[in-house]
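Asks: Handing over target-v8.txt, compact mmCIF, C-alpha atoms.
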# COMPACT_ATOMS: atom_id res chain seq x y z
CA MET A 1 0.00 0.00 0.00
CA ARG A 2 1.15 3.50 -0.82
CA GLU A 3 0.00 6.88 0.40
CA ASP A 4 -2.12 7.34 -2.75
CA SER A 5 -3.34 3.84 -3.63
CA VAL A 6 -4.04 0.25 -2.58
CA PHE A 7 -3.02 -2.62 -4.89
CA ILE A 8 -4.90 -5.93 -4.64
CA GLY A 9 -3.59 -8.86 -6.69
CA PHE A 10 -5.35 -12.15 -7.55
CA ASP A 11 -3.93 -15.54 -8.47
CA ASP A 12 -6.76 -16.27 -10.93
CA ALA A 13 -8.15 -14.13 -13.74
CA MET A 14 -11.28 -12.36 -12.47
CA GLN A 15 -14.49 -11.23 -14.16
CA THR A 16 -13.89 -7.50 -14.58
CA TRP A 17 -17.27 -6.80 -16.21
CA SER A 18 -19.58 -8.18 -13.52
CA PRO A 19 -19.69 -6.08 -11.50
CA PRO A 20 -17.88 -3.34 -13.50
CA THR A 21 -17.07 -1.48 -10.26
CA VAL A 22 -15.95 -2.96 -6.96
CA GLU A 23 -16.75 -1.44 -3.59
CA VAL A 24 -13.75 -1.96 -1.29
CA GLY A 25 -13.85 -0.89 2.36
CA ILE A 26 -10.89 0.30 4.41
CA GLU A 27 -10.24 1.03 8.10
CA PRO A 28 -9.14 3.57 9.23
CA ALA A 29 -11.54 5.15 6.75
CA LEU A 30 -10.26 6.68 3.51
CA PRO A 31 -12.04 7.52 0.25
CA LEU A 32 -11.33 4.87 -2.40
CA ALA A 33 -11.97 4.85 -6.16
CA CYS A 34 -11.35 1.29 -7.36
CA ARG A 35 -10.71 0.14 -10.94
CA TRP A 36 -9.50 -3.02 -12.64
CA ASP A 37 -5.94 -2.51 -13.84
CA SER A 38 -5.97 -5.99 -15.38
CA ASP A 39 -7.94 -9.18 -14.84
CA THR A 40 -5.63 -10.06 -11.93
CA ALA A 41 -5.06 -6.60 -10.41
CA LEU A 42 -7.48 -4.24 -8.67
CA VAL A 43 -6.17 -0.75 -7.95
CA CYS A 44 -7.95 1.53 -5.50
CA ASP A 45 -6.84 5.16 -5.77
CA ILE A 46 -7.08 7.54 -2.82
CA PRO A 47 -8.33 10.84 -4.31
CA LYS A 48 -6.51 14.00 -3.26
CA PRO A 49 -6.32 15.79 -0.90
CA ALA A 50 -6.75 12.61 1.13
CA ARG A 51 -3.70 10.41 1.63
CA ALA A 52 -2.75 7.39 3.69
CA PRO A 53 -0.33 8.27 6.48
CA SER A 54 3.01 6.47 6.56
CA ALA A 55 3.73 3.69 9.08
CA THR A 56 0.06 2.83 9.49
CA ARG A 57 -1.73 -0.53 9.38
CA PHE A 58 -5.04 -0.74 7.49
CA ARG A 59 -7.73 -3.40 7.19
CA VAL A 60 -9.11 -3.79 3.68
CA ALA A 61 -12.48 -5.48 3.01
CA VAL A 62 -12.73 -7.04 -0.46
CA PRO A 63 -16.23 -8.20 -1.48
CA ALA A 64 -17.07 -11.56 -3.01
CA LEU A 65 -15.97 -11.83 -6.65
CA VAL A 66 -16.19 -14.30 -9.53
CA THR A 67 -13.31 -15.72 -11.55
CA GLN A 68 -13.42 -15.96 -15.33
CA GLN A 69 -13.97 -19.72 -14.90
CA GLY A 70 -17.12 -19.01 -12.89
CA SER A 71 -15.74 -19.93 -9.46
CA GLN A 72 -16.87 -17.90 -6.47
CA LEU A 73 -14.13 -16.07 -4.53
CA PRO A 74 -15.48 -15.34 -1.03
CA ALA A 75 -15.18 -11.95 0.61
CA GLN A 76 -11.84 -11.36 2.30
CA ARG A 77 -10.38 -9.07 4.92
CA LEU A 78 -6.75 -8.14 4.27
CA VAL A 79 -4.20 -6.38 6.47
CA VAL A 80 -1.85 -3.98 4.70
CA GLU A 81 0.67 -1.37 5.78
CA THR A 82 2.06 1.83 4.39
CA PRO A 83 5.88 1.97 4.37
CA ARG A 84 7.54 1.86 7.77
CA PRO A 85 10.24 4.41 8.66
CA ALA A 86 13.59 3.78 6.98
CA ILE A 87 16.89 5.60 6.45
CA SER A 88 19.36 5.03 3.62
CA LEU A 89 22.66 6.35 2.31
CA GLU A 90 21.89 7.33 -1.25
CA ARG A 91 24.21 6.49 -4.14
CA TYR A 92 25.54 10.04 -4.19
CA GLY A 93 25.08 10.66 -0.46
CA LEU A 94 28.83 10.55 0.19
CA THR A 95 31.13 13.43 -0.69
CA TRP A 96 34.81 14.01 0.09
CA ARG A 97 37.02 16.98 0.82
CA ASP A 98 40.75 16.43 1.39
CA GLY A 99 40.09 12.83 2.39
CA VAL A 100 37.36 13.69 4.93
CA PRO A 101 33.88 12.36 4.14
CA SER A 102 30.46 13.97 4.44
CA LEU A 103 27.59 11.48 4.71
CA PHE A 104 24.04 12.48 3.76
CA LEU A 105 21.19 10.22 4.84
CA THR A 106 17.68 10.21 3.41
CA ALA A 107 14.53 9.25 5.31
CA ASN A 108 11.54 7.82 3.46
CA GLN A 109 9.02 9.82 5.53
CA PRO A 110 8.89 12.75 7.99
CA MET A 111 10.82 12.18 11.21
CA ASP A 112 12.72 14.28 13.70
CA LEU A 113 16.43 14.30 14.46
CA ALA A 114 16.12 12.65 17.84
CA ALA A 115 14.26 9.65 16.44
CA ALA A 116 16.82 9.16 13.67
CA GLU A 117 19.75 9.52 16.07
CA ALA A 118 18.18 6.96 18.43
CA ALA A 119 18.03 4.27 15.73
CA LEU A 120 21.51 4.84 14.25
CA ARG A 121 24.77 3.38 15.54
CA LEU A 122 28.23 4.72 14.74
CA ALA A 123 31.55 3.01 15.41
CA VAL A 124 35.00 4.46 14.71
CA ASP A 125 37.74 1.82 14.58
CA GLY A 126 35.39 -0.52 16.43
CA ARG A 127 34.59 1.92 19.27
CA PRO A 128 30.94 3.10 19.69
CA VAL A 129 30.49 6.85 19.20
CA PRO A 130 27.34 8.89 19.88
CA VAL A 131 25.42 9.74 16.71
CA LYS A 132 24.82 13.40 15.98
CA LEU A 133 22.83 14.55 12.95
CA ALA A 134 22.07 17.91 11.39
CA MET A 135 19.20 18.74 9.04
CA SER A 136 20.41 19.17 5.48
CA ASN A 137 18.69 20.99 2.63
CA GLY A 138 21.64 20.99 0.27
CA ARG A 139 20.01 18.50 -2.10
CA ARG A 140 16.70 18.80 -3.91
CA THR A 141 14.42 16.16 -2.46
CA SER A 142 10.97 16.04 -0.91
CA GLN A 143 12.20 13.59 1.71
CA PRO A 144 13.98 14.58 4.93
CA MET A 145 17.75 14.56 4.65
CA PHE A 146 20.28 14.51 7.47
CA GLU A 147 24.02 15.05 7.51
CA LEU A 148 26.11 12.94 9.87
CA VAL A 149 28.24 15.16 12.10
CA LEU A 150 31.51 13.30 12.41
CA PRO A 151 33.73 13.25 15.49
CA ALA A 152 37.44 14.02 15.34
CA LEU A 153 39.15 11.36 13.24
CA ASP A 154 42.64 9.93 13.18
CA PRO A 155 44.42 11.86 10.40
CA GLU A 156 46.28 8.73 9.36
CA ALA A 157 43.45 6.21 9.08
CA SER A 158 40.04 5.55 10.58
CA LEU A 159 37.31 3.07 9.72
CA LEU A 160 33.75 4.32 10.23
CA GLU A 161 30.76 1.99 10.33
CA LEU A 162 27.26 3.44 10.36
CA SER A 163 24.37 1.06 11.00
CA ILE A 164 20.70 1.13 11.93
CA VAL A 165 18.72 -1.02 14.36
CA PRO A 166 14.97 -1.74 14.52
CA GLY A 167 12.73 0.75 16.25
CA LEU A 168 12.95 3.90 14.08
CA SER A 169 9.86 6.05 14.53
CA GLY A 170 8.28 8.55 12.15
CA LEU A 171 5.96 11.49 12.70
CA GLU A 172 2.87 10.14 10.94
CA GLY A 173 2.02 6.59 12.01
CA PRO A 174 2.66 4.32 15.00
CA LEU A 175 4.53 1.48 13.23
CA ARG A 176 8.25 1.30 13.95
CA GLY A 177 11.01 0.58 11.48
CA THR A 178 12.39 -2.96 11.11
CA GLN A 179 15.71 -2.12 9.45
CA GLN A 180 18.80 -3.85 10.81
CA ALA A 181 21.69 -3.23 8.44
CA VAL A 182 25.02 -1.55 7.91
CA LEU A 183 24.39 1.65 5.94
CA ALA A 184 28.02 2.51 5.21
CA ARG A 185 31.60 1.52 5.92
CA VAL A 186 33.98 4.39 5.22
CA ARG A 187 37.77 4.53 5.48
CA THR A 188 39.39 7.92 5.97
CA GLY A 189 43.00 8.99 6.01
CA GLU A 190 44.13 6.32 3.56
CA PRO A 191 47.75 6.90 2.54
CA ALA A 192 48.31 8.44 -0.87
CA ARG A 193 49.75 5.57 -2.89
CA LEU A 194 49.55 3.53 -6.06
CA ALA A 195 46.60 1.36 -5.03
CA ALA A 196 45.66 -0.92 -7.93
CA VAL A 197 46.52 -2.04 -11.44
CA GLN A 198 44.22 -3.42 -14.11
CA CYS A 199 44.93 -4.97 -17.50
CA GLY A 200 42.57 -4.25 -20.35
CA ARG A 201 39.11 -2.79 -20.00
CA ARG A 202 37.13 -2.12 -16.83
CA ARG A 203 35.57 -5.57 -16.74
CA GLN A 204 38.94 -7.11 -16.01
CA PRO A 205 39.84 -7.70 -12.33
CA ARG A 206 42.02 -5.22 -10.48
CA ALA A 207 45.08 -6.28 -8.49
CA GLU A 208 46.19 -4.49 -5.35
CA ALA A 209 49.38 -2.70 -6.32
CA GLN A 210 50.93 -3.26 -2.89
CA ALA A 211 50.65 -7.01 -3.39
CA VAL A 212 52.41 -7.14 -6.77
CA ASP A 213 55.65 -5.76 -8.15
CA VAL A 214 55.11 -7.31 -11.58
CA VAL A 215 51.93 -7.47 -13.65
CA ASP A 216 51.53 -9.52 -16.83
CA CYS A 217 49.12 -8.06 -19.40
CA GLU A 218 48.20 -8.42 -23.02
CA PRO A 219 49.51 -5.58 -25.16
CA GLY A 220 47.12 -2.67 -24.93
CA LEU A 221 45.50 -0.68 -22.14
CA VAL A 222 46.81 -0.78 -18.56
CA THR A 223 45.09 1.24 -15.83
CA LEU A 224 46.90 2.37 -12.68
CA THR A 225 44.78 3.63 -9.78
CA PHE A 226 46.08 6.09 -7.18
CA SER A 227 44.31 6.15 -3.82
CA ARG A 228 44.10 9.95 -3.92
CA GLU A 229 43.64 12.54 -6.64
CA LEU A 230 47.00 13.90 -7.77
CA ASP A 231 47.56 17.61 -8.13
CA ASP A 232 48.07 18.99 -11.62
CA ASP A 233 51.84 19.36 -11.28
CA SER A 234 52.18 15.72 -10.19
CA ARG A 235 50.13 14.54 -13.14
CA ARG A 236 52.50 16.34 -15.49
CA ARG A 237 55.55 15.02 -13.64
CA PHE A 238 54.25 11.44 -13.81
CA ALA A 239 53.55 11.73 -17.54
CA ASP A 240 57.01 13.19 -18.26
CA ALA A 241 58.71 10.30 -16.42
CA LEU A 242 56.99 7.50 -18.34
CA PRO A 243 59.52 5.20 -20.01
CA ARG A 244 59.77 4.61 -23.73
CA GLY A 245 57.14 2.17 -24.91
CA VAL A 246 54.44 3.58 -22.61
CA GLU A 247 51.91 6.07 -23.98
CA LEU A 248 49.69 8.18 -21.72
CA ALA A 249 46.04 7.70 -22.81
CA GLY A 250 44.37 9.93 -20.22
CA TRP A 251 43.35 10.57 -16.62
CA SER A 252 40.05 10.15 -14.80
CA THR A 253 38.98 10.79 -11.23
CA THR A 254 37.39 7.57 -10.04
CA ARG A 255 34.94 6.58 -7.33
CA ARG A 256 36.87 3.55 -6.15
CA THR A 257 33.88 1.77 -4.64
CA ASP A 258 30.17 1.79 -5.40
CA PRO A 259 27.96 2.77 -2.44
CA SER A 260 25.23 0.48 -3.74
CA MET A 261 27.47 -2.58 -3.27
CA ALA A 262 26.80 -4.55 -0.11
CA ASP A 263 29.65 -4.54 2.43
CA ALA A 264 31.79 -2.21 0.31
CA VAL A 265 34.32 -0.09 2.20
CA LEU A 266 34.08 3.41 0.77
CA VAL A 267 37.33 5.31 0.38
CA PRO A 268 38.24 8.76 -0.97
CA PRO A 269 38.10 9.14 -4.75
CA GLY A 270 41.37 8.53 -6.50
CA ASP A 271 42.91 8.96 -9.93
CA ASP A 272 42.90 6.45 -12.76
CA VAL A 273 45.73 6.91 -15.23
CA PHE A 274 45.30 5.04 -18.53
CA LEU A 275 48.48 3.79 -20.18
CA ARG A 276 49.01 2.05 -23.50
CA VAL A 277 51.73 -0.57 -23.68
CA THR A 278 51.30 -1.89 -27.20
CA ALA A 279 54.59 -3.69 -27.91
CA PRO A 280 54.24 -7.46 -27.46
CA ARG A 281 56.79 -9.41 -25.40
CA SER A 282 58.10 -6.27 -23.75
CA ALA A 283 58.82 -5.13 -20.20
CA VAL A 284 58.60 -1.55 -18.91
CA ARG A 285 58.91 -0.23 -15.37
CA VAL A 286 56.69 2.64 -14.25
CA VAL A 287 58.17 4.62 -11.36
CA VAL A 288 56.15 6.62 -8.82
CA ALA A 289 58.33 9.26 -7.18
CA GLY A 290 58.03 12.89 -6.10
CA LEU A 291 54.25 13.05 -6.49
CA ARG A 292 51.70 14.80 -4.28
CA ALA A 293 47.96 14.43 -3.84
CA ARG A 294 45.58 17.35 -3.86
CA GLY A 295 45.89 18.93 -0.43
CA GLY A 296 49.66 18.39 -0.31
CA ARG A 297 50.02 14.85 1.01
CA ALA A 298 53.06 13.06 -0.46
CA VAL A 299 52.41 9.94 -2.52
CA GLN A 300 54.29 6.87 -1.33
CA PRO A 301 57.13 6.11 -3.77
CA GLY A 302 57.17 2.80 -5.61
CA SER A 303 57.40 1.14 -8.98
CA LEU A 304 55.62 -1.47 -11.06
CA LEU A 305 57.02 -3.68 -13.81
CA ILE A 306 54.53 -4.20 -16.66
CA ARG A 307 55.24 -7.20 -18.86
CA THR A 308 53.34 -7.94 -22.06
CA GLY A 309 52.87 -11.26 -23.77
CA ASP A 310 51.68 -12.02 -27.27
CA THR A 311 48.94 -10.03 -28.93
CA ARG A 312 45.55 -11.69 -28.66
CA PRO A 313 44.60 -13.54 -31.89
CA ALA A 314 42.43 -11.13 -33.83
CA LEU A 315 41.20 -9.90 -37.17
CA HIS A 316 41.42 -6.14 -37.68
CA ALA A 317 39.60 -3.85 -40.07
CA ALA A 318 40.02 -0.10 -40.23
CA HIS A 319 36.25 0.41 -40.01
CA ALA A 320 33.08 -1.65 -39.71
CA SER A 321 32.06 -0.36 -43.16
CA LEU A 322 34.84 -0.05 -45.72
CA LEU A 323 34.25 2.17 -48.77
CA LEU A 324 37.21 1.33 -51.00
CA ALA A 325 38.63 3.62 -53.67
CA SER A 326 38.94 0.72 -56.11
CA ALA A 327 38.58 -3.03 -56.30
CA THR A 328 42.29 -3.48 -56.99
CA GLY A 329 43.74 -1.86 -53.85
CA GLY A 330 44.20 -3.41 -50.42
CA LEU A 331 41.11 -4.49 -48.52
CA GLY A 332 42.41 -3.06 -45.24
CA ILE A 333 41.82 -6.27 -43.26
CA THR A 334 44.64 -8.01 -41.37
CA ALA A 335 45.04 -11.10 -39.18
CA VAL A 336 47.46 -11.45 -36.28
CA ASN A 337 48.40 -14.63 -34.40
CA ALA A 338 45.56 -16.49 -36.10
CA PRO A 339 45.37 -20.22 -35.34
CA GLY A 340 45.79 -22.54 -38.29
CA GLY A 341 42.72 -23.68 -40.17
CA LEU A 342 40.58 -20.67 -39.34
CA GLY A 343 38.35 -19.31 -42.08
CA VAL A 344 36.19 -16.30 -42.78
CA GLU A 345 32.76 -16.60 -44.33
CA ALA A 346 32.33 -14.09 -47.18
CA VAL A 347 28.78 -13.19 -48.13
CA SER A 348 28.57 -11.15 -51.35
CA LEU A 349 26.01 -9.64 -53.65
CA ALA A 350 26.67 -8.41 -57.22
CA ARG A 351 25.04 -9.88 -60.30
CA ASP A 352 24.37 -12.91 -58.09
CA ALA A 353 24.37 -13.66 -54.37
CA ALA A 354 27.15 -15.95 -53.19
CA THR A 355 28.84 -17.32 -50.07
CA SER A 356 32.47 -18.41 -50.03
CA ARG A 357 35.22 -19.27 -47.57
CA VAL A 358 38.33 -17.11 -47.14
CA PRO A 359 41.24 -18.84 -45.34
CA VAL A 360 42.81 -16.74 -42.59
CA PRO A 361 46.58 -16.59 -43.18
CA THR A 362 49.10 -17.41 -40.48
CA GLY A 363 52.34 -15.52 -40.06
CA PRO A 364 55.17 -14.73 -37.67
CA PRO A 365 54.12 -14.09 -34.05
CA ASN A 366 52.61 -10.65 -33.44
CA VAL A 367 52.98 -9.54 -37.07
CA PRO A 368 49.77 -8.46 -38.86
CA VAL A 369 49.24 -10.29 -42.15
CA ALA A 370 47.10 -8.69 -44.89
CA MET A 371 44.07 -10.71 -46.00
CA ASP A 372 42.89 -10.97 -49.59
CA ASP A 373 40.30 -12.86 -51.59
CA GLY A 374 39.91 -13.09 -55.36
CA ALA A 375 36.15 -13.79 -55.21
CA THR A 376 35.56 -10.69 -53.08
CA ARG A 377 37.58 -8.56 -55.49
CA ARG A 378 35.53 -9.79 -58.44
CA VAL A 379 32.34 -8.84 -56.62
CA LEU A 380 33.71 -5.38 -55.82
CA ALA A 381 34.80 -4.89 -59.45
CA GLN A 382 31.19 -5.52 -60.50
CA GLY A 383 30.03 -2.73 -58.17
CA GLY A 384 28.82 -5.25 -55.60
CA TRP A 385 28.91 -5.58 -51.84
CA ALA A 386 30.56 -8.08 -49.49
CA ARG A 387 30.60 -8.86 -45.77
CA TRP A 388 33.04 -11.08 -43.89
CA ARG A 389 32.57 -12.83 -40.59
CA VAL A 390 34.42 -15.53 -38.70
CA GLU A 391 33.14 -19.05 -39.28
CA GLY A 392 30.79 -20.16 -36.55
CA ASP A 393 29.79 -16.59 -35.60
CA ARG A 394 26.01 -16.42 -35.99
CA SER A 395 25.49 -13.10 -34.26
CA TYR A 396 23.37 -10.49 -35.97
CA GLY A 397 23.50 -6.71 -35.93
CA PHE A 398 26.64 -5.33 -34.30
CA GLY A 399 29.82 -7.37 -34.44
CA VAL A 400 29.05 -9.49 -37.52
CA GLY A 401 32.21 -8.36 -39.33
CA PRO A 402 33.27 -5.68 -41.80
CA GLU A 403 31.29 -4.92 -44.91
CA MET A 404 32.92 -3.42 -48.00
CA ALA A 405 32.10 -1.92 -51.37
CA ALA A 406 34.01 -0.08 -54.14
CA PRO A 407 31.34 1.68 -56.20
CA ALA A 408 32.18 4.16 -58.94
CA PHE A 409 29.31 6.43 -57.97
CA ASP A 410 27.06 7.39 -55.09
CA VAL A 411 23.29 6.92 -55.25
CA ALA A 412 20.80 9.21 -53.50
CA THR A 413 17.09 8.44 -53.59
CA VAL A 414 14.08 10.59 -52.69
CA VAL A 415 10.66 8.92 -52.57
CA THR A 416 7.41 10.91 -52.68
CA ALA A 417 3.79 9.83 -52.82
CA ASP A 418 3.78 10.01 -56.63
CA ASP A 419 7.36 9.64 -57.83
CA VAL A 420 10.90 8.40 -57.15
CA LEU A 421 13.94 10.59 -57.81
CA VAL A 422 17.32 8.83 -58.13
CA TRP A 423 20.51 10.91 -58.38
CA LEU A 424 23.99 9.54 -59.15
CA ASN A 425 27.26 11.33 -58.24
CA ASP A 426 30.69 10.29 -59.50
CA TRP A 427 32.95 9.49 -56.49
CA LYS A 428 36.06 11.07 -58.00
CA THR A 429 34.59 14.31 -59.35
CA GLY A 430 31.51 14.72 -57.20
CA ARG A 431 29.51 15.58 -60.31
CA GLY A 432 26.31 13.99 -61.47
CA VAL A 433 26.58 11.03 -63.85
CA ALA A 434 25.22 12.21 -67.19
CA GLY A 435 22.69 9.97 -68.91
CA ALA A 436 22.31 7.64 -65.95
CA ARG A 437 19.26 5.42 -66.18
Do you think you could lay out the structure here as structure tokens?

Replies:
Amino acid sequence: MREDSVFIGFDDAMQTWSPPTVEVGIEPALPLACRWDSDTALVCDIPKPARAPSATRFRVAVPALVTQQGSQLPAQRLVVETPRPAISLERYGLTWRDGVPSLFLTANQPMDLAAAEAALRLAVDGRPVPVKLAMSNGRRTSQPMFELVLPALDPEASLLELSIVPGLSGLEGPLRGTQQAVLARVRTGEPARLAAVQCGRRRQPRAEAQAVDVVDCEPGLVTLTFSRELDDDSRRRFADALPRGVELAGWSTTRRTDPSMADAVLVPPGDDVFLRVTAPRSAVRVVVAGLRARGGRAVQPGSLLIRTGDTRPALHAAHASLLLASATGGLGITAVNAPGGLGVEAVSLARDAATSRVPVPTGPPNVPVAMDDGATRRVLAQGGWARWRVEGDRSYGFGVGPEMAAPAFDVATVVTADDVLVWLNDWKTGRGVAGAR
């Protein structure tokens, strides 16, 4: 039940035409306007300005009804409740300034500070601490919001745990809250250091940088995570000190944990630095020295050896759709570290539709080998179209493989209710093709 409606669900499909309206009673009394939302759902709206108070138990009287199979469903008396009091740390209810957190809590219904403080528990490094809240209106919300007033914290490191116990009371109804959960675990004063390393894209696991001195990755993207945001001068100093073979791909301030994750320990935002180490079978050492976080804290010195293996077996095309200048030039498709016996399925359309097999060439390790196919070239020379995909890949839409064409002209078509206009432009000159039919 919500403040503006009561939802009644049925296991069987009901006769919604006999009677067309259903008179539902409710105690404590409220005006109800009931309607069938489907043959298994009856919704009773509470017309404004009336509303059901929060944290209140109601008794709902549903009259006898008939199922679509003709069975009689006897009258029933149901017990429902509006939401009980609850407090949560919203996804963006945690902000940081120089490593010190501010926690903003949201209540689901009106309540006073004393009631919220009585239901919350705060521990700092395992020691209970009295909870003190302040009303907050810094965020646009119709729900009450409180800011947790933190005690003095250890400047080096402190672990805060904020939890709630059953018994929270609101200002509208008599029912008490039943929450019993940890709302947030927050670590402050974490040393400024190189915290984690990750090979490849974000879906790959991260390794704690303190636990490894060497990381083995495929050639490509490597992400280093600092526990604190670096100041601008330190970012430049780090980039200037990168060894040969490492390319800086960018920086990003990162929220290192997600507040919506259960049991996550929230820590100050840090910096992700994206590096490209593209040479296969190489080793480069990245050194962290002389850096400072925003606010002036020195970053712990250290280093990390990044080793790359062989390039992942792959087929590469410059684009998903290749518009070639001519049918005699390169196709722009290469294979690297391809296993023997692999083939590409070529689907083509020119004067006729055809499907053929293009063997994928093998070559020296980590050296791209150009791919070619006489049948595809013949199709392109006829002004046709071709698409390649790896044998066994039956995906559709995105990722099916590159398509290619080498037309001598471009075709534009405009369709109206009475006519069709087709216009041809020469690719080389950009001019219309005279006499085209």

Asks: Atom CA of A:Pro128 to atom CA of A:Pro174: how many Å, to one decimal?

Replies: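 Distance between the two atoms: 28.7 Å.
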
Asks: By how many Å are atom CA of A:Glu247 and atom CA of A:Gly296 apart?

Replies: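 Here the two named atoms are 26.8 Å from each other.
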
Asks: Using only C-alpha atoms, can you list as a PyMOL selection string the residues within 12 Å of (55.0, 10.9, -20.1)?

Replies: chain A and resi 234-250+273-276+286-287

Asks: Report as a list in words all protein, DNA and RNA residues lying within 7 Å of A:Gln109, evaluated on only C-alpha atoms, omitting residues in the same chain fewer than 6 positions from it.

Replies: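 Result of the neighbour search: Ser54, Pro85, Gln143, Pro144 and Gly170 of chain A.
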
Asks: Report as a list in words all protein, DNA and RNA residues lying within 9 Å of A:Arg357, evaluated on all atoms listed in the file, omitting residues in the same chain fewer than 2 positions from it.

Replies: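 Near neighbours after the sequence-gap exclusion: Gly343, Val344, Glu345, Ala346, Val347, Thr355, Pro359 and Glu391 of chain A.
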
Asks: Residues around (37.3, 11.0, -5.8), cut-off 12 Å, counting only C-alpha atoms - what are they as number ranges by chain?

Replies: A: 92, 94-101, 225-230, 252-258, 266-272, 293-294

Asks: Name the residues in contact with A:Thr278 at a cut-off of 7 Å, using only C-alpha atoms, excluding same-chain residues fewer than 2 positions from it; report them as a PyMOL selection string.

Replies: chain A and resi 219-220+276+280

Asks: How far is it from atom CA of A:Leu183 to atom CA of A:Leu105, in Å with one decimal?

Replies: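 So the two atoms, atom CA of A:Leu183 and atom CA of A:Leu105, lie 9.2 Å apart.
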
Asks: Excluding A:Cys199 and residues on its chain fewer than 2 positions from it, collect all residues at most 7 Å away from it, counting only C-alpha atoms, and give them as a compact mmCIF listing (two decimals) with C-alpha atoms, keeping the file's coordinate frame.

Replies:
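Writing done, so here's around_4.txt:
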# COMPACT_ATOMS: atom_id res chain seq x y z
CA VAL A 197 46.52 -2.04 -11.44
CA ARG A 201 39.11 -2.79 -20.00
CA GLN A 204 38.94 -7.11 -16.01
CA CYS A 217 49.12 -8.06 -19.40
CA LEU A 221 45.50 -0.68 -22.14
CA VAL A 222 46.81 -0.78 -18.56
CA THR A 223 45.09 1.24 -15.83

Asks: Write out as a ChimeraX atom specification each polymer residue whose atoms come within 8 Å of A:Cys34, counting all atoms listed in the file; drop sequence neighbours fewer than 5 positions from it.

Replies: /A:21-24,42-45

Asks: Which one is closest to A:Ala298: A:Thr334, A:Pro402, A:Ala192, A:Arg387? Count only C-alpha atoms.

Replies: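 The closest residue to A:Ala298 is A:Ala192.
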
Asks: For A:Gly173, which residue among A:Gln69, A:Glu3, A:Ala13, A:Leu103 is the nearest when counting only C-alpha atoms?

Replies: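 Distance minimum relative to A:Gly173 lands on A:Glu3.
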